[in-house]
file model04.pdb (PDB, C-alpha atoms, pLDDT in the B column)
ATOM      1  CA  MET O   1      57.202 157.393  56.596  1.00 61.00           C
ATOM      2  CA  HIS O   2      59.157 156.512  53.484  1.00 65.00           C
ATOM      3  CA  PRO O   3      60.202 152.791  53.168  1.00 63.00           C
ATOM      4  CA  ASN O   4      63.907 153.700  53.103  1.00 66.00           C
ATOM      5  CA  GLU O   5      63.476 155.779  56.238  1.00 69.00           C
ATOM      6  CA  GLU O   6      61.759 152.821  57.939  1.00 68.00           C
ATOM      7  CA  ILE O   7      64.629 150.492  57.049  1.00 68.00           C
ATOM      8  CA  GLU O   8      67.192 153.040  58.247  1.00 67.00           C
ATOM      9  CA  GLU O   9      65.280 153.522  61.538  1.00 67.00           C
ATOM     10  CA  LYS O  10      65.200 149.737  62.109  1.00 61.00           C
ATOM     11  CA  ARG O  11      68.966 149.557  61.478  1.00 62.00           C
ATOM     12  CA  ARG O  12      69.579 152.419  63.903  1.00 61.00           C
ATOM     13  CA  GLN O  13      67.438 150.740  66.590  1.00 63.00           C
ATOM     14  CA  ARG O  14      69.296 147.457  66.019  1.00 60.00           C
ATOM     15  CA  ARG O  15      72.708 149.185  66.400  1.00 61.00           C
ATOM     16  CA  ILE O  16      71.518 150.807  69.634  1.00 63.00           C
ATOM     17  CA  ARG O  17      70.392 147.419  70.992  1.00 59.00           C
ATOM     18  CA  ILE O  18      73.704 145.764  70.040  1.00 59.00           C
ATOM     19  CA  VAL O  19      75.751 148.533  71.657  1.00 50.00           C
ATOM     20  CA  SER O  20      73.523 148.436  74.761  1.00 51.00           C
ATOM     21  CA  LEU O  21      73.860 144.656  75.059  1.00 45.00           C
ATOM     22  CA  PHE O  22      77.631 144.953  74.608  1.00 48.00           C
ATOM     23  CA  ILE O  23      77.856 147.549  77.410  1.00 53.00           C
ATOM     24  CA  ILE O  24      75.625 145.466  79.702  1.00 53.00           C
ATOM     25  CA  GLY O  25      77.788 142.405  78.956  1.00 46.00           C
ATOM     26  CA  LEU O  26      80.943 144.316  79.857  1.00 47.00           C
ATOM     27  CA  MET O  27      79.380 145.504  83.109  1.00 52.00           C
ATOM     28  CA  VAL O  28      78.294 141.986  84.067  1.00 48.00           C
ATOM     29  CA  LEU O  29      81.752 140.591  83.249  1.00 48.00           C
ATOM     30  CA  SER O  30      83.518 143.344  85.203  1.00 49.00           C
ATOM     31  CA  VAL O  31      81.328 142.792  88.277  1.00 45.00           C
ATOM     32  CA  GLY O  32      81.876 139.040  88.019  1.00 42.00           C
ATOM     33  CA  GLY O  33      85.608 139.569  87.649  1.00 45.00           C
ATOM     34  CA  TYR O  34      85.657 141.880  90.660  1.00 44.00           C
ATOM     35  CA  TYR O  35      83.938 139.311  92.851  1.00 44.00           C
ATOM     36  CA  ALA O  36      86.094 136.475  91.565  1.00 43.00           C
ATOM     37  CA  GLY O  37      89.256 138.482  92.186  1.00 45.00           C
ATOM     38  CA  SER O  38      88.271 140.063  95.490  1.00 45.00           C
ATOM     39  CA  SER O  39      87.023 136.898  97.125  1.00 45.00           C
ATOM     40  CA  GLY O  40      90.690 136.160  97.127  1.00 52.00           C
ATOM     41  CA  GLY O  41      91.078 132.809  98.690  1.00 69.00           C
ATOM     42  CA  THR O  42      94.690 133.647  99.490  1.00 93.00           C
ATOM     43  CA  THR O  43      95.528 131.905 102.733  1.00 95.00           C
ATOM     44  CA  GLN O  44      98.404 132.012 105.141  1.00 96.00           C
ATOM     45  CA  ARG O  45      99.100 129.936 108.222  1.00 96.00           C
ATOM     46  CA  TYR O  46     100.711 131.679 111.140  1.00 97.00           C
ATOM     47  CA  ASN O  47     101.478 129.926 114.431  1.00 96.00           C
ATOM     48  CA  GLY O  48      98.846 127.293 113.695  1.00 95.00           C
ATOM     49  CA  VAL O  49      96.089 129.766 112.743  1.00 97.00           C
ATOM     50  CA  LYS O  50      94.711 129.936 109.194  1.00 97.00           C
ATOM     51  CA  PHE O  51      94.218 133.461 107.796  1.00 98.00           C
ATOM     52  CA  THR O  52      92.176 133.889 104.608  1.00 97.00           C
ATOM     53  CA  ALA O  53      91.792 137.020 102.497  1.00 95.00           C
ATOM     54  CA  GLY O  54      88.139 137.919 102.053  1.00 89.00           C
ATOM     55  CA  SER O  55      86.625 140.708  99.998  1.00 87.00           C
ATOM     56  CA  ASN O  56      87.136 143.352 102.707  1.00 91.00           C
ATOM     57  CA  ALA O  57      89.358 141.783 105.344  1.00 95.00           C
ATOM     58  CA  VAL O  58      91.736 139.028 106.274  1.00 97.00           C
ATOM     59  CA  LEU O  59      89.721 136.593 108.382  1.00 97.00           C
ATOM     60  CA  ALA O  60      90.764 134.069 111.003  1.00 97.00           C
ATOM     61  CA  THR O  61      88.954 131.940 113.542  1.00 96.00           C
ATOM     62  CA  ILE O  62      90.818 131.922 116.853  1.00 96.00           C
ATOM     63  CA  GLU O  63      89.483 129.872 119.758  1.00 94.00           C
ATOM     64  CA  GLY O  64      86.094 129.666 118.061  1.00 94.00           C
ATOM     65  CA  VAL O  65      85.753 133.414 117.416  1.00 95.00           C
ATOM     66  CA  ARG O  66      86.046 134.921 113.920  1.00 95.00           C
ATOM     67  CA  TYR O  67      88.241 138.026 113.747  1.00 96.00           C
ATOM     68  CA  GLY O  68      88.812 140.459 110.901  1.00 95.00           C
ATOM     69  CA  PHE O  69      92.221 141.987 110.172  1.00 97.00           C
ATOM     70  CA  ASN O  70      93.527 144.510 107.684  1.00 96.00           C
ATOM     71  CA  TYR O  71      96.723 142.576 106.970  1.00 97.00           C
ATOM     72  CA  PHE O  72      98.188 139.097 107.130  1.00 97.00           C
ATOM     73  CA  PRO O  73     100.392 138.499 110.196  1.00 97.00           C
ATOM     74  CA  SER O  74     103.499 138.367 107.984  1.00 96.00           C
ATOM     75  CA  GLN O  75     102.733 141.968 106.967  1.00 97.00           C
ATOM     76  CA  VAL O  76     102.704 143.266 110.552  1.00 97.00           C
ATOM     77  CA  GLU O  77     105.295 141.173 112.372  1.00 95.00           C
ATOM     78  CA  ASP O  78     108.079 143.568 111.343  1.00 96.00           C
ATOM     79  CA  VAL O  79     106.578 146.474 113.322  1.00 97.00           C
ATOM     80  CA  ASN O  80     109.321 147.259 115.849  1.00 97.00           C
ATOM     81  CA  THR O  81     107.966 146.166 119.248  1.00 97.00           C
ATOM     82  CA  ASP O  82     109.673 146.280 122.644  1.00 97.00           C
ATOM     83  CA  ALA O  83     109.900 143.176 124.806  1.00 96.00           C
ATOM     84  CA  GLY O  84     107.250 143.091 127.501  1.00 96.00           C
ATOM     85  CA  VAL O  85     104.437 144.676 125.460  1.00 97.00           C
ATOM     86  CA  ALA O  86     102.576 141.389 124.880  1.00 96.00           C
ATOM     87  CA  ALA O  87     102.606 140.580 128.597  1.00 95.00           C
ATOM     88  CA  LEU O  88     101.286 144.035 129.525  1.00 95.00           C
ATOM     89  CA  LEU O  89      98.432 143.645 127.031  1.00 95.00           C
ATOM     90  CA  GLN O  90      97.158 140.698 129.088  1.00 95.00           C
ATOM     91  CA  SER O  91      96.341 143.056 131.967  1.00 96.00           C
ATOM     92  CA  PRO O  92      92.770 142.881 133.337  1.00 97.00           C
ATOM     93  CA  PHE O  93      92.493 146.681 132.927  1.00 97.00           C
ATOM     94  CA  LEU O  94      93.871 148.934 130.204  1.00 97.00           C
ATOM     95  CA  TYR O  95      93.531 152.628 129.401  1.00 98.00           C
ATOM     96  CA  ILE O  96      93.513 153.261 125.644  1.00 98.00           C
ATOM     97  CA  THR O  97      94.267 156.876 124.789  1.00 98.00           C
ATOM     98  CA  TYR O  98      95.229 158.887 121.724  1.00 97.00           C
ATOM     99  CA  ASP O  99      96.138 162.310 120.389  1.00 96.00           C
ATOM    100  CA  ALA O 100      92.787 163.840 119.385  1.00 94.00           C
ATOM    101  CA  ASP O 101      94.648 166.631 117.516  1.00 93.00           C
ATOM    102  CA  SER O 102      96.620 164.242 115.303  1.00 94.00           C
ATOM    103  CA  ASN O 103      96.187 164.164 111.534  1.00 95.00           C
ATOM    104  CA  TYR O 104      95.132 160.557 112.092  1.00 96.00           C
ATOM    105  CA  SER O 105      92.778 161.166 115.016  1.00 95.00           C
ATOM    106  CA  ASP O 106      89.776 159.600 113.249  1.00 95.00           C
ATOM    107  CA  ALA O 107      91.715 156.391 112.599  1.00 96.00           C
ATOM    108  CA  MET O 108      93.050 156.430 116.172  1.00 97.00           C
ATOM    109  CA  ALA O 109      89.522 156.783 117.581  1.00 95.00           C
ATOM    110  CA  GLN O 110      88.322 153.924 115.395  1.00 96.00           C
ATOM    111  CA  ILE O 111      91.229 151.751 116.543  1.00 97.00           C
ATOM    112  CA  GLN O 112      90.609 152.722 120.168  1.00 97.00           C
ATOM    113  CA  TYR O 113      87.061 151.366 120.065  1.00 95.00           C
ATOM    114  CA  TYR O 114      87.951 148.291 118.019  1.00 96.00           C
ATOM    115  CA  LEU O 115      90.708 147.340 120.467  1.00 97.00           C
ATOM    116  CA  GLY O 116      88.306 148.023 123.319  1.00 96.00           C
ATOM    117  CA  ASP O 117      85.792 145.533 121.888  1.00 95.00           C
ATOM    118  CA  VAL O 118      88.399 142.841 121.216  1.00 96.00           C
ATOM    119  CA  TYR O 119      90.180 143.258 124.548  1.00 96.00           C
ATOM    120  CA  ASN O 120      86.905 143.335 126.482  1.00 95.00           C
ATOM    121  CA  SER O 121      85.904 140.023 124.884  1.00 94.00           C
ATOM    122  CA  ARG O 122      89.212 138.585 126.122  1.00 94.00           C
ATOM    123  CA  GLY O 123      88.880 139.595 129.776  1.00 94.00           C
ATOM    124  CA  THR O 124      90.536 143.023 129.696  1.00 96.00           C
ATOM    125  CA  TYR O 125      88.402 145.943 130.811  1.00 96.00           C
ATOM    126  CA  PRO O 126      89.208 148.929 128.540  1.00 96.00           C
ATOM    127  CA  ALA O 127      88.783 152.588 129.495  1.00 97.00           C
ATOM    128  CA  PHE O 128      89.119 155.354 126.928  1.00 97.00           C
ATOM    129  CA  GLY O 129      90.860 158.707 127.081  1.00 96.00           C
ATOM    130  CA  ALA O 130      92.746 161.347 125.132  1.00 97.00           C
ATOM    131  CA  LEU O 131      96.263 162.678 125.626  1.00 97.00           C
ATOM    132  CA  ALA O 132      95.089 166.302 126.053  1.00 95.00           C
ATOM    133  CA  ASN O 133      91.962 168.445 126.256  1.00 92.00           C
ATOM    134  CA  ASN O 134      89.605 167.463 123.477  1.00 89.00           C
ATOM    135  CA  SER O 135      86.196 168.266 122.046  1.00 89.00           C
ATOM    136  CA  TYR O 136      84.979 164.690 122.659  1.00 87.00           C
ATOM    137  CA  GLN O 137      84.951 165.167 126.436  1.00 91.00           C
ATOM    138  CA  LEU O 138      87.240 162.161 126.887  1.00 94.00           C
ATOM    139  CA  PRO O 139      89.206 162.191 130.133  1.00 96.00           C
ATOM    140  CA  ILE O 140      92.872 163.159 129.838  1.00 97.00           C
ATOM    141  CA  VAL O 141      94.974 160.018 130.194  1.00 97.00           C
ATOM    142  CA  THR O 142      98.733 160.029 129.596  1.00 97.00           C
ATOM    143  CA  CYS O 143     101.647 157.764 130.415  1.00 98.00           C
ATOM    144  CA  GLU O 144     101.850 159.567 133.769  1.00 97.00           C
ATOM    145  CA  ASN O 145      98.613 157.770 134.722  1.00 96.00           C
ATOM    146  CA  ALA O 146     100.055 154.314 133.976  1.00 97.00           C
ATOM    147  CA  THR O 147     100.557 151.847 136.805  1.00 96.00           C
ATOM    148  CA  ALA O 148     101.203 148.105 136.921  1.00 94.00           C
ATOM    149  CA  ALA O 149      97.504 147.515 137.727  1.00 95.00           C
ATOM    150  CA  GLU O 150      96.271 150.109 135.203  1.00 96.00           C
ATOM    151  CA  PRO O 151      98.638 150.294 132.206  1.00 98.00           C
ATOM    152  CA  VAL O 152      98.143 152.813 129.411  1.00 98.00           C
ATOM    153  CA  LEU O 153      98.184 152.221 125.660  1.00 98.00           C
ATOM    154  CA  ALA O 154      98.859 155.613 124.014  1.00 98.00           C
ATOM    155  CA  PHE O 155      98.651 156.352 120.273  1.00 98.00           C
ATOM    156  CA  ARG O 156     100.692 159.204 118.774  1.00 97.00           C
ATOM    157  CA  GLU O 157     101.596 160.454 115.320  1.00 96.00           C
ATOM    158  CA  SER O 158     105.355 160.408 114.705  1.00 96.00           C
ATOM    159  CA  ASN O 159     108.045 160.166 112.063  1.00 96.00           C
ATOM    160  CA  GLU O 160     108.625 156.512 112.988  1.00 96.00           C
ATOM    161  CA  THR O 161     106.425 153.479 113.471  1.00 97.00           C
ATOM    162  CA  SER O 162     106.872 151.408 116.616  1.00 98.00           C
ATOM    163  CA  ILE O 163     105.326 149.929 119.730  1.00 98.00           C
ATOM    164  CA  ALA O 164     107.526 150.996 122.644  1.00 98.00           C
ATOM    165  CA  LEU O 165     107.333 150.240 126.330  1.00 98.00           C
ATOM    166  CA  GLN O 166     107.950 153.031 128.853  1.00 97.00           C
ATOM    167  CA  ASP O 167     107.562 151.433 132.281  1.00 96.00           C
ATOM    168  CA  THR O 168     103.864 150.464 132.309  1.00 97.00           C
ATOM    169  CA  CYS O 169     102.898 152.593 129.311  1.00 98.00           C
ATOM    170  CA  ILE O 170     102.771 151.213 125.782  1.00 98.00           C
ATOM    171  CA  VAL O 171     103.524 154.058 123.377  1.00 98.00           C
ATOM    172  CA  VAL O 172     102.371 153.473 119.820  1.00 98.00           C
ATOM    173  CA  THR O 173     103.809 155.812 117.201  1.00 98.00           C
ATOM    174  CA  ALA O 174     102.951 155.759 113.515  1.00 97.00           C
ATOM    175  CA  GLU O 175     104.145 157.592 110.421  1.00 96.00           C
ATOM    176  CA  SER O 176     100.955 156.949 108.471  1.00 97.00           C
ATOM    177  CA  GLN O 177      97.373 155.848 108.816  1.00 96.00           C
ATOM    178  CA  ASP O 178      98.252 152.527 107.150  1.00 97.00           C
ATOM    179  CA  ASP O 179     100.892 151.952 109.829  1.00 97.00           C
ATOM    180  CA  LEU O 180      98.269 152.604 112.508  1.00 98.00           C
ATOM    181  CA  PHE O 181      96.114 149.807 111.119  1.00 97.00           C
ATOM    182  CA  ARG O 182      99.147 147.497 110.869  1.00 98.00           C
ATOM    183  CA  ILE O 183      99.808 148.229 114.545  1.00 98.00           C
ATOM    184  CA  GLN O 184      96.151 147.598 115.388  1.00 98.00           C
ATOM    185  CA  ASP O 185      96.418 144.143 113.845  1.00 98.00           C
ATOM    186  CA  LYS O 186      99.640 143.389 115.705  1.00 98.00           C
ATOM    187  CA  LEU O 187      98.154 144.517 119.039  1.00 98.00           C
ATOM    188  CA  VAL O 188      95.147 142.245 118.482  1.00 98.00           C
ATOM    189  CA  LEU O 189      97.344 139.300 117.471  1.00 98.00           C
ATOM    190  CA  MET O 190      99.499 139.800 120.566  1.00 97.00           C
ATOM    191  CA  ARG O 191      96.429 139.985 122.832  1.00 96.00           C
ATOM    192  CA  LEU O 192      95.078 136.783 121.276  1.00 96.00           C
ATOM    193  CA  GLY O 193      98.420 135.057 121.851  1.00 95.00           C
ATOM    194  CA  VAL O 194      98.987 134.399 118.134  1.00 97.00           C
ATOM    195  CA  MET O 195     101.999 136.704 117.941  1.00 96.00           C
ATOM    196  CA  SER O 196     104.669 137.721 120.415  1.00 90.00           C
ATOM    197  CA  GLU O 197     106.745 140.872 120.176  1.00 84.00           C
TER     198      GLU O 197
END

call {"tool": "encode", "arguments": {"input": "model04.pdb", "output": "structure tokens"}}
result
Amino acid sequence: MHPNEEIEEKRRQRRIRIVSLFIIGLMVLSVGGYYAGSSGGTTQRYNGVKFTAGSNAVLATIEGVRYGFNYFPSQVEDVNTDAGVAALLQSPFLYITYDADSNYSDAMAQIQYYLGDVYNSRGTYPAFGALANNSYQLPIVTCENATAAEPVLAFRESNETSIALQDTCIVVTAESQDDLFRIQDKLVLMRLGVMSE
């Protein structure tokens, strides 16, 4: 190899190393910045409970149990909710049902099981159903099945977002998947006694 070619090759290798180190440095800084920014630390107090934004959820310890939420309470308290819903959520038994044909059926199913876990841990026995025939073999449960001893919590897609009370049936309607998760948080906060209607 000619001496000039050797020098040129060394310069090329050096440029490659500098560019590589620069790219690696940017990647390390961006990952560090992501973790610094996403760990949040934003806190909010609501009715005596401290809520802190984590990397994937808003966290709060309520009566010694750590719960994860999608939103701060101030972001869900404006969901229109009928009087009497919070009291009905304290029932020892609750059917949780949803429209399996909805555009948001996957989110509704996820919420159904999450609420079931939370409510079960708080002394409410949950039973699951669907509003109509479905491929999941869930029993059909509608507001017609609701009684004072066995209320129904029914999720539906709609052009408005609200939590309405129809006798002993709580009808949840949501315009979007985000609204469904806002409602989920509000239903959990009401069951935990942190939020009223």

call {"tool": "atom_distance", "arguments": {"input": "model04.pdb", "atom1": "CA of Asn56 (chain O)", "atom2": "CA of Tyr71 (chain O)"}}
result
10.5 Å

call {"tool": "resolve_selection", "arguments": {"input": "model04.pdb", "expression": "the PyMOL selection byres ((chain O and resi 51) around 10)", "output": "ChimeraX atom specification"}}
result
/O:41-46,48-50,52-54,57-62,67-69,71-73

call {"tool": "closest_residue", "arguments": {"input": "model04.pdb", "among": "O:Asn145, O:Thr124, O:Thr173, O:Gln75", "to": "Asp99 (chain O)", "atoms": "only C-alpha atoms"}}
result
O:Thr173

call {"tool": "residues_around", "arguments": {"input": "model04.pdb", "residues": "Arg156 (chain O)", "least_positions_apart": "3", "cutoff": "9 Å", "atoms": "only C-alpha atoms", "output": "ChimeraX atom specification"}}
result
/O:98-99,102,104-105,108,131,171-174

call {"tool": "resolve_selection", "arguments": {"input": "model04.pdb", "expression": "the PyMOL selection byres ((chain O and resi 196) around 10)", "output": "PyMOL selection string"}}
result
chain O and resi 77+81+83-87+186-187+189-195+197

call {"tool": "write_last_selection", "arguments": {"input": "model04.pdb", "atoms": "C-alpha atoms", "output": "compact mmCIF listing (two decimals), in the frame of the given file"}}
result
# COMPACT_ATOMS: atom_id res chain seq x y z
CA GLU O 77 105.30 141.17 112.37
CA THR O 81 107.97 146.17 119.25
CA ALA O 83 109.90 143.18 124.81
CA GLY O 84 107.25 143.09 127.50
CA VAL O 85 104.44 144.68 125.46
CA ALA O 86 102.58 141.39 124.88
CA ALA O 87 102.61 140.58 128.60
CA LYS O 186 99.64 143.39 115.70
CA LEU O 187 98.15 144.52 119.04
CA LEU O 189 97.34 139.30 117.47
CA MET O 190 99.50 139.80 120.57
CA ARG O 191 96.43 139.99 122.83
CA LEU O 192 95.08 136.78 121.28
CA GLY O 193 98.42 135.06 121.85
CA VAL O 194 98.99 134.40 118.13
CA MET O 195 102.00 136.70 117.94
CA GLU O 197 106.74 140.87 120.18

call {"tool": "closest_residue", "arguments": {"input": "model04.pdb", "among": "O:Asn159, O:Cys169, O:Gly64, O:Val188", "to": "Asn120 (chain O)", "atoms": "all atoms listed in the file"}}
result
O:Val188

call {"tool": "closest_residue", "arguments": {"input": "model04.pdb", "among": "O:Gln110, O:Asn134, O:Asn103, O:Ser74", "to": "Gln184 (chain O)", "atoms": "all atoms listed in the file"}}
result
O:Gln110

call {"tool": "closest_residue", "arguments": {"input": "model04.pdb", "among": "O:Ile96, O:Glu175, O:Ala164, O:Ser135", "to": "Asp82 (chain O)", "atoms": "all atoms listed in the file"}}
result
O:Ala164

call {"tool": "atom_distance", "arguments": {"input": "model04.pdb", "atom1": "CA of Leu165 (chain O)", "atom2": "CA of Gln137 (chain O)"}}
result
26.9 Å

call {"tool": "atom_distance", "arguments": {"input": "model04.pdb", "atom1": "CA of Ile111 (chain O)", "atom2": "CA of Ser55 (chain O)"}}
result
20.4 Å

call {"tool": "residues_near_point", "arguments": {"input": "model04.pdb", "point": "(94.5, 165.0, 127.0)", "cutoff": "10 Å", "atoms": "only C-alpha atoms", "output": "PyMOL selection string"}}
result
chain O and resi 97-101+129-134+137-142

call {"tool": "residues_around", "arguments": {"input": "model04.pdb", "residues": "Val152 (chain O)", "least_positions_apart": "6", "cutoff": "7 Å", "atoms": "only C-alpha atoms", "output": "PyMOL selection string"}}
result
chain O and resi 94-96+143+146+168-170

call {"tool": "resolve_selection", "arguments": {"input": "model04.pdb", "expression": "the PyMOL selection byres ((chain O and resi 149) around 9)", "output": "list of chain:residue names"}}
result
O:Ser91, O:Pro92, O:Phe93, O:Leu94, O:Ala146, O:Thr147, O:Ala148, O:Glu150, O:Pro151, O:Thr168

call {"tool": "build_atoms", "arguments": {"input": "model04.pdb", "residues": "region 161-190 of chain O", "atoms": "N, CA and C atoms", "output": "PDB file, in the frame of the given file"}}
result
ATOM      1  N   THR O 161     107.498 154.402 113.110  1.00 97.00           N
ATOM      2  CA  THR O 161     106.425 153.479 113.471  1.00 97.00           C
ATOM      3  C   THR O 161     106.981 152.438 114.430  1.00 97.00           C
ATOM      4  N   SER O 162     106.393 152.380 115.634  1.00 98.00           N
ATOM      5  CA  SER O 162     106.872 151.408 116.616  1.00 98.00           C
ATOM      6  C   SER O 162     105.855 151.243 117.745  1.00 98.00           C
ATOM      7  N   ILE O 163     106.084 150.175 118.511  1.00 98.00           N
ATOM      8  CA  ILE O 163     105.326 149.929 119.730  1.00 98.00           C
ATOM      9  C   ILE O 163     106.374 149.844 120.836  1.00 98.00           C
ATOM     10  N   ALA O 164     106.468 150.900 121.633  1.00 98.00           N
ATOM     11  CA  ALA O 164     107.526 150.996 122.644  1.00 98.00           C
ATOM     12  C   ALA O 164     106.937 150.868 124.050  1.00 98.00           C
ATOM     13  N   LEU O 165     107.752 150.387 124.947  1.00 98.00           N
ATOM     14  CA  LEU O 165     107.333 150.240 126.330  1.00 98.00           C
ATOM     15  C   LEU O 165     108.100 151.230 127.188  1.00 98.00           C
ATOM     16  N   GLN O 166     107.365 152.084 127.908  1.00 97.00           N
ATOM     17  CA  GLN O 166     107.950 153.031 128.853  1.00 97.00           C
ATOM     18  C   GLN O 166     107.354 152.722 130.220  1.00 97.00           C
ATOM     19  N   ASP O 167     108.068 151.943 131.002  1.00 96.00           N
ATOM     20  CA  ASP O 167     107.562 151.433 132.281  1.00 96.00           C
ATOM     21  C   ASP O 167     106.278 150.648 132.053  1.00 96.00           C
ATOM     22  N   THR O 168     105.134 151.173 132.502  1.00 97.00           N
ATOM     23  CA  THR O 168     103.864 150.464 132.309  1.00 97.00           C
ATOM     24  C   THR O 168     102.982 151.178 131.287  1.00 97.00           C
ATOM     25  N   CYS O 169     103.617 151.898 130.373  1.00 98.00           N
ATOM     26  CA  CYS O 169     102.898 152.593 129.311  1.00 98.00           C
ATOM     27  C   CYS O 169     103.386 152.079 127.959  1.00 98.00           C
ATOM     28  N   ILE O 170     102.453 151.655 127.136  1.00 98.00           N
ATOM     29  CA  ILE O 170     102.771 151.213 125.782  1.00 98.00           C
ATOM     30  C   ILE O 170     102.545 152.415 124.870  1.00 98.00           C
ATOM     31  N   VAL O 171     103.612 152.883 124.243  1.00 98.00           N
ATOM     32  CA  VAL O 171     103.524 154.058 123.377  1.00 98.00           C
ATOM     33  C   VAL O 171     103.580 153.602 121.924  1.00 98.00           C
ATOM     34  N   VAL O 172     102.475 153.817 121.232  1.00 98.00           N
ATOM     35  CA  VAL O 172     102.371 153.473 119.820  1.00 98.00           C
ATOM     36  C   VAL O 172     102.610 154.740 119.016  1.00 98.00           C
ATOM     37  N   THR O 173     103.570 154.685 118.104  1.00 98.00           N
ATOM     38  CA  THR O 173     103.809 155.812 117.201  1.00 98.00           C
ATOM     39  C   THR O 173     103.703 155.314 115.774  1.00 98.00           C
ATOM     40  N   ALA O 174     103.150 156.163 114.901  1.00 97.00           N
ATOM     41  CA  ALA O 174     102.951 155.759 113.515  1.00 97.00           C
ATOM     42  C   ALA O 174     103.221 156.924 112.580  1.00 97.00           C
ATOM     43  N   GLU O 175     103.850 156.600 111.459  1.00 96.00           N
ATOM     44  CA  GLU O 175     104.145 157.592 110.421  1.00 96.00           C
ATOM     45  C   GLU O 175     102.957 157.828 109.502  1.00 96.00           C
ATOM     46  N   SER O 176     102.063 156.847 109.411  1.00 97.00           N
ATOM     47  CA  SER O 176     100.955 156.949 108.471  1.00 97.00           C
ATOM     48  C   SER O 176      99.729 156.248 109.038  1.00 97.00           C
ATOM     49  N   GLN O 177      98.604 156.504 108.407  1.00 96.00           N
ATOM     50  CA  GLN O 177      97.373 155.848 108.816  1.00 96.00           C
ATOM     51  C   GLN O 177      97.462 154.351 108.555  1.00 96.00           C
ATOM     52  N   ASP O 178      98.074 153.954 107.434  1.00 97.00           N
ATOM     53  CA  ASP O 178      98.252 152.527 107.150  1.00 97.00           C
ATOM     54  C   ASP O 178      99.049 151.847 108.259  1.00 97.00           C
ATOM     55  N   ASP O 179     100.099 152.518 108.733  1.00 97.00           N
ATOM     56  CA  ASP O 179     100.892 151.952 109.829  1.00 97.00           C
ATOM     57  C   ASP O 179     100.061 151.802 111.098  1.00 97.00           C
ATOM     58  N   LEU O 180      99.149 152.733 111.341  1.00 98.00           N
ATOM     59  CA  LEU O 180      98.269 152.604 112.508  1.00 98.00           C
ATOM     60  C   LEU O 180      97.447 151.319 112.427  1.00 98.00           C
ATOM     61  N   PHE O 181      96.925 151.016 111.255  1.00 97.00           N
ATOM     62  CA  PHE O 181      96.114 149.807 111.119  1.00 97.00           C
ATOM     63  C   PHE O 181      96.972 148.543 111.138  1.00 97.00           C
ATOM     64  N   ARG O 182      98.225 148.625 110.710  1.00 98.00           N
ATOM     65  CA  ARG O 182      99.147 147.497 110.869  1.00 98.00           C
ATOM     66  C   ARG O 182      99.384 147.251 112.360  1.00 98.00           C
ATOM     67  N   ILE O 183      99.591 148.346 113.097  1.00 98.00           N
ATOM     68  CA  ILE O 183      99.808 148.229 114.545  1.00 98.00           C
ATOM     69  C   ILE O 183      98.568 147.672 115.225  1.00 98.00           C
ATOM     70  N   GLN O 184      97.393 148.139 114.814  1.00 98.00           N
ATOM     71  CA  GLN O 184      96.151 147.598 115.388  1.00 98.00           C
ATOM     72  C   GLN O 184      96.136 146.084 115.261  1.00 98.00           C
ATOM     73  N   ASP O 185      96.424 145.587 114.057  1.00 98.00           N
ATOM     74  CA  ASP O 185      96.418 144.143 113.845  1.00 98.00           C
ATOM     75  C   ASP O 185      97.436 143.446 114.744  1.00 98.00           C
ATOM     76  N   LYS O 186      98.615 144.023 114.873  1.00 98.00           N
ATOM     77  CA  LYS O 186      99.640 143.389 115.705  1.00 98.00           C
ATOM     78  C   LYS O 186      99.218 143.385 117.176  1.00 98.00           C
ATOM     79  N   LEU O 187      98.617 144.466 117.650  1.00 98.00           N
ATOM     80  CA  LEU O 187      98.154 144.517 119.039  1.00 98.00           C
ATOM     81  C   LEU O 187      97.062 143.482 119.307  1.00 98.00           C
ATOM     82  N   VAL O 188      96.182 143.269 118.326  1.00 98.00           N
ATOM     83  CA  VAL O 188      95.147 142.245 118.482  1.00 98.00           C
ATOM     84  C   VAL O 188      95.777 140.858 118.478  1.00 98.00           C
ATOM     85  N   LEU O 189      96.688 140.612 117.538  1.00 98.00           N
ATOM     86  CA  LEU O 189      97.344 139.300 117.471  1.00 98.00           C
ATOM     87  C   LEU O 189      98.138 138.999 118.735  1.00 98.00           C
ATOM     88  N   MET O 190      98.772 140.019 119.312  1.00 97.00           N
ATOM     89  CA  MET O 190      99.499 139.800 120.566  1.00 97.00           C
ATOM     90  C   MET O 190      98.530 139.505 121.700  1.00 97.00           C
TER      91      MET O 190
END
